[in-house]
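In what follows, a single structure is set out as structure tokens and then discussed.
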Amino acid sequence: MSDCIFCKIINGNFNTEFVYENENAVVFKDINPKADIHLLVVPRVHVESLNELDDETLLGKLMMTVKETTKKLGIKSYRTVINTGKEAGQEVFHLHIHILSGNMKG
């Protein structure tokens, strides 16, 4: 999707540093962190939210990406969050998983 900020990040438009990536997803730091560690796991394919997800294997692959990322970075305790819809706090309408660890901010 041409106007999606996450699609632009995936395509390299902003030189965003990926802390991890694989064939299914990219992982990068949230620009407005809510915890000491706040990463976003973003699928390479554009899906607006969980409500539009029609590939049951994609969510499993994304969760495995969470596991691979936290293992690589040595993060043993963390929380995952998926916001679905504006009223639930979704700000970018491209499915993504938040990984939060450490002290919460704000």
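Quick note on naming: the chains in the structure tokens go A, B, ... in the order shown, residues restart at 1 in each chain, and ligands are numbered from 1 in order of appearance.
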
Picked from stretch 23-73 of chain A by DSSP as strand (DSSP E), as a PDB file with C-alpha atoms, in the first residue's frame:
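This went into part.pdb:
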```pdb
ATOM      1  CA  ALA A  25       8.634  -9.748   8.878  1.00  0.00           C
ATOM      2  CA  VAL A  26      10.898  -6.922   9.943  1.00  0.00           C
ATOM      3  CA  VAL A  27      11.497  -5.775  13.517  1.00  0.00           C
ATOM      4  CA  PHE A  28      12.480  -2.258  14.507  1.00  0.00           C
ATOM      5  CA  LYS A  29      12.366   0.101  17.482  1.00  0.00           C
ATOM      6  CA  ALA A  35       8.984   0.798  27.778  1.00  0.00           C
ATOM      7  CA  ASP A  36      12.767   0.526  28.052  1.00  0.00           C
ATOM      8  CA  ILE A  37      12.595  -1.898  25.129  1.00  0.00           C
ATOM      9  CA  HIS A  38       9.758  -1.337  22.665  1.00  0.00           C
ATOM     10  CA  LEU A  39       9.994  -3.121  19.336  1.00  0.00           C
ATOM     11  CA  LEU A  40       7.526  -3.599  16.499  1.00  0.00           C
ATOM     12  CA  VAL A  41       7.178  -6.835  14.541  1.00  0.00           C
ATOM     13  CA  VAL A  42       5.699  -5.933  11.158  1.00  0.00           C
ATOM     14  CA  PRO A  43       4.749  -8.426   8.442  1.00  0.00           C
TER      15      PRO A  43
END
```

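Proximity to A:Asn83 was assessed for A:Lys71, A:Glu48, A:Met64, A:Ile9 counting only C-alpha atoms; the smallest distance is recorded for A:Glu48.
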
Leaving out A:Thr69 and any residue of its chain fewer than 4 positions from it, which residues lie within 9 Å of it when counting only C-alpha atoms, given as a PyMOL selection string? chain A and resi 19-21+27+41+64-65+73-75

I need the chosen residues saved as a PDB file, in the first residue's frame, with N, CA and C atoms.
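Once everything was written out, this is selection.pdb:
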```pdb
ATOM      1  N   VAL A  19      16.279  -4.488  13.752  1.00  0.00           N
ATOM      2  CA  VAL A  19      17.007  -5.244  14.774  1.00  0.00           C
ATOM      3  C   VAL A  19      16.941  -6.737  14.477  1.00  0.00           C
ATOM      4  N   TYR A  20      15.967  -7.119  13.637  1.00  0.00           N
ATOM      5  CA  TYR A  20      15.834  -8.500  13.190  1.00  0.00           C
ATOM      6  C   TYR A  20      14.949  -8.482  11.949  1.00  0.00           C
ATOM      7  N   GLU A  21      15.179  -9.425  11.064  1.00  0.00           N
ATOM      8  CA  GLU A  21      14.297  -9.586   9.914  1.00  0.00           C
ATOM      9  C   GLU A  21      14.397 -11.007   9.394  1.00  0.00           C
ATOM     10  N   VAL A  27      11.648  -6.218  12.132  1.00  0.00           N
ATOM     11  CA  VAL A  27      11.497  -5.775  13.517  1.00  0.00           C
ATOM     12  C   VAL A  27      12.355  -4.530  13.705  1.00  0.00           C
ATOM     13  N   VAL A  41       7.053  -5.742  15.500  1.00  0.00           N
ATOM     14  CA  VAL A  41       7.178  -6.835  14.541  1.00  0.00           C
ATOM     15  C   VAL A  41       6.127  -6.583  13.468  1.00  0.00           C
ATOM     16  N   MET A  64       6.481 -16.463  15.937  1.00  0.00           N
ATOM     17  CA  MET A  64       7.812 -17.077  15.925  1.00  0.00           C
ATOM     18  C   MET A  64       8.884 -16.007  15.719  1.00  0.00           C
ATOM     19  N   THR A  65       8.559 -14.965  14.969  1.00  0.00           N
ATOM     20  CA  THR A  65       9.491 -13.849  14.800  1.00  0.00           C
ATOM     21  C   THR A  65       9.703 -13.140  16.132  1.00  0.00           C
ATOM     22  N   LEU A  73      18.185 -11.029  21.001  1.00  0.00           N
ATOM     23  CA  LEU A  73      18.536  -9.860  21.805  1.00  0.00           C
ATOM     24  C   LEU A  73      18.704 -10.176  23.286  1.00  0.00           C
ATOM     25  N   GLY A  74      18.475 -11.428  23.675  1.00  0.00           N
ATOM     26  CA  GLY A  74      18.629 -11.816  25.074  1.00  0.00           C
ATOM     27  C   GLY A  74      17.527 -11.301  25.981  1.00  0.00           C
ATOM     28  N   ILE A  75      16.359 -11.068  25.433  1.00  0.00           N
ATOM     29  CA  ILE A  75      15.221 -10.582  26.214  1.00  0.00           C
ATOM     30  C   ILE A  75      14.459 -11.800  26.720  1.00  0.00           C
TER      31      ILE A  75
END
```

Just want the 8 Å neighbourhood of A:Cys4, counted on only C-alpha atoms, with same-chain residues fewer than 3 positions away dropped. Output as a PDB file with N, CA and C atoms, in the first residue's frame.
```
ATOM      1  N   MET A   1       0.848  -1.173   0.000  1.00  0.00           N
ATOM      2  CA  MET A   1       0.000   0.000   0.000  1.00  0.00           C
ATOM      3  C   MET A   1       0.894   1.236   0.000  1.00  0.00           C
ATOM      4  N   CYS A   7       4.768   0.076   5.260  1.00  0.00           N
ATOM      5  CA  CYS A   7       5.173  -0.434   3.946  1.00  0.00           C
ATOM      6  C   CYS A   7       6.388   0.343   3.434  1.00  0.00           C
ATOM      7  N   LYS A   8       6.394   1.648   3.662  1.00  0.00           N
ATOM      8  CA  LYS A   8       7.533   2.467   3.247  1.00  0.00           C
ATOM      9  C   LYS A   8       8.791   2.077   4.024  1.00  0.00           C
ATOM     10  N   VAL A  92      -1.171   2.929  13.415  1.00  0.00           N
ATOM     11  CA  VAL A  92      -0.750   2.630  12.048  1.00  0.00           C
ATOM     12  C   VAL A  92      -1.552   1.420  11.601  1.00  0.00           C
ATOM     13  N   PHE A  93      -2.267   1.562  10.501  1.00  0.00           N
ATOM     14  CA  PHE A  93      -3.168   0.507  10.066  1.00  0.00           C
ATOM     15  C   PHE A  93      -2.462  -0.463   9.123  1.00  0.00           C
ATOM     16  N   HIS A  94      -1.470  -1.126   9.716  1.00  0.00           N
ATOM     17  CA  HIS A  94      -0.713  -2.237   9.139  1.00  0.00           C
ATOM     18  C   HIS A  94      -0.466  -3.128  10.349  1.00  0.00           C
TER      19      HIS A  94
END
```

Could you pull out the residues in chain A that DSSP calls alpha helix (DSSP H) from the backbone, as a PyMOL selection string? chain A and resi 5-10+56-73

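The nearest approach to A:Gly102 among the residues A:Lys34, A:Gln90, A:Lys67, A:Leu58, with only C-alpha atoms taken into account, belongs to A:Lys34.
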
Across A:Glu91, A:Ile82, A:Gly12, A:Ser77, the smallest distance to A:Asn103, with only C-alpha atoms counted, is shown by A:Ser77
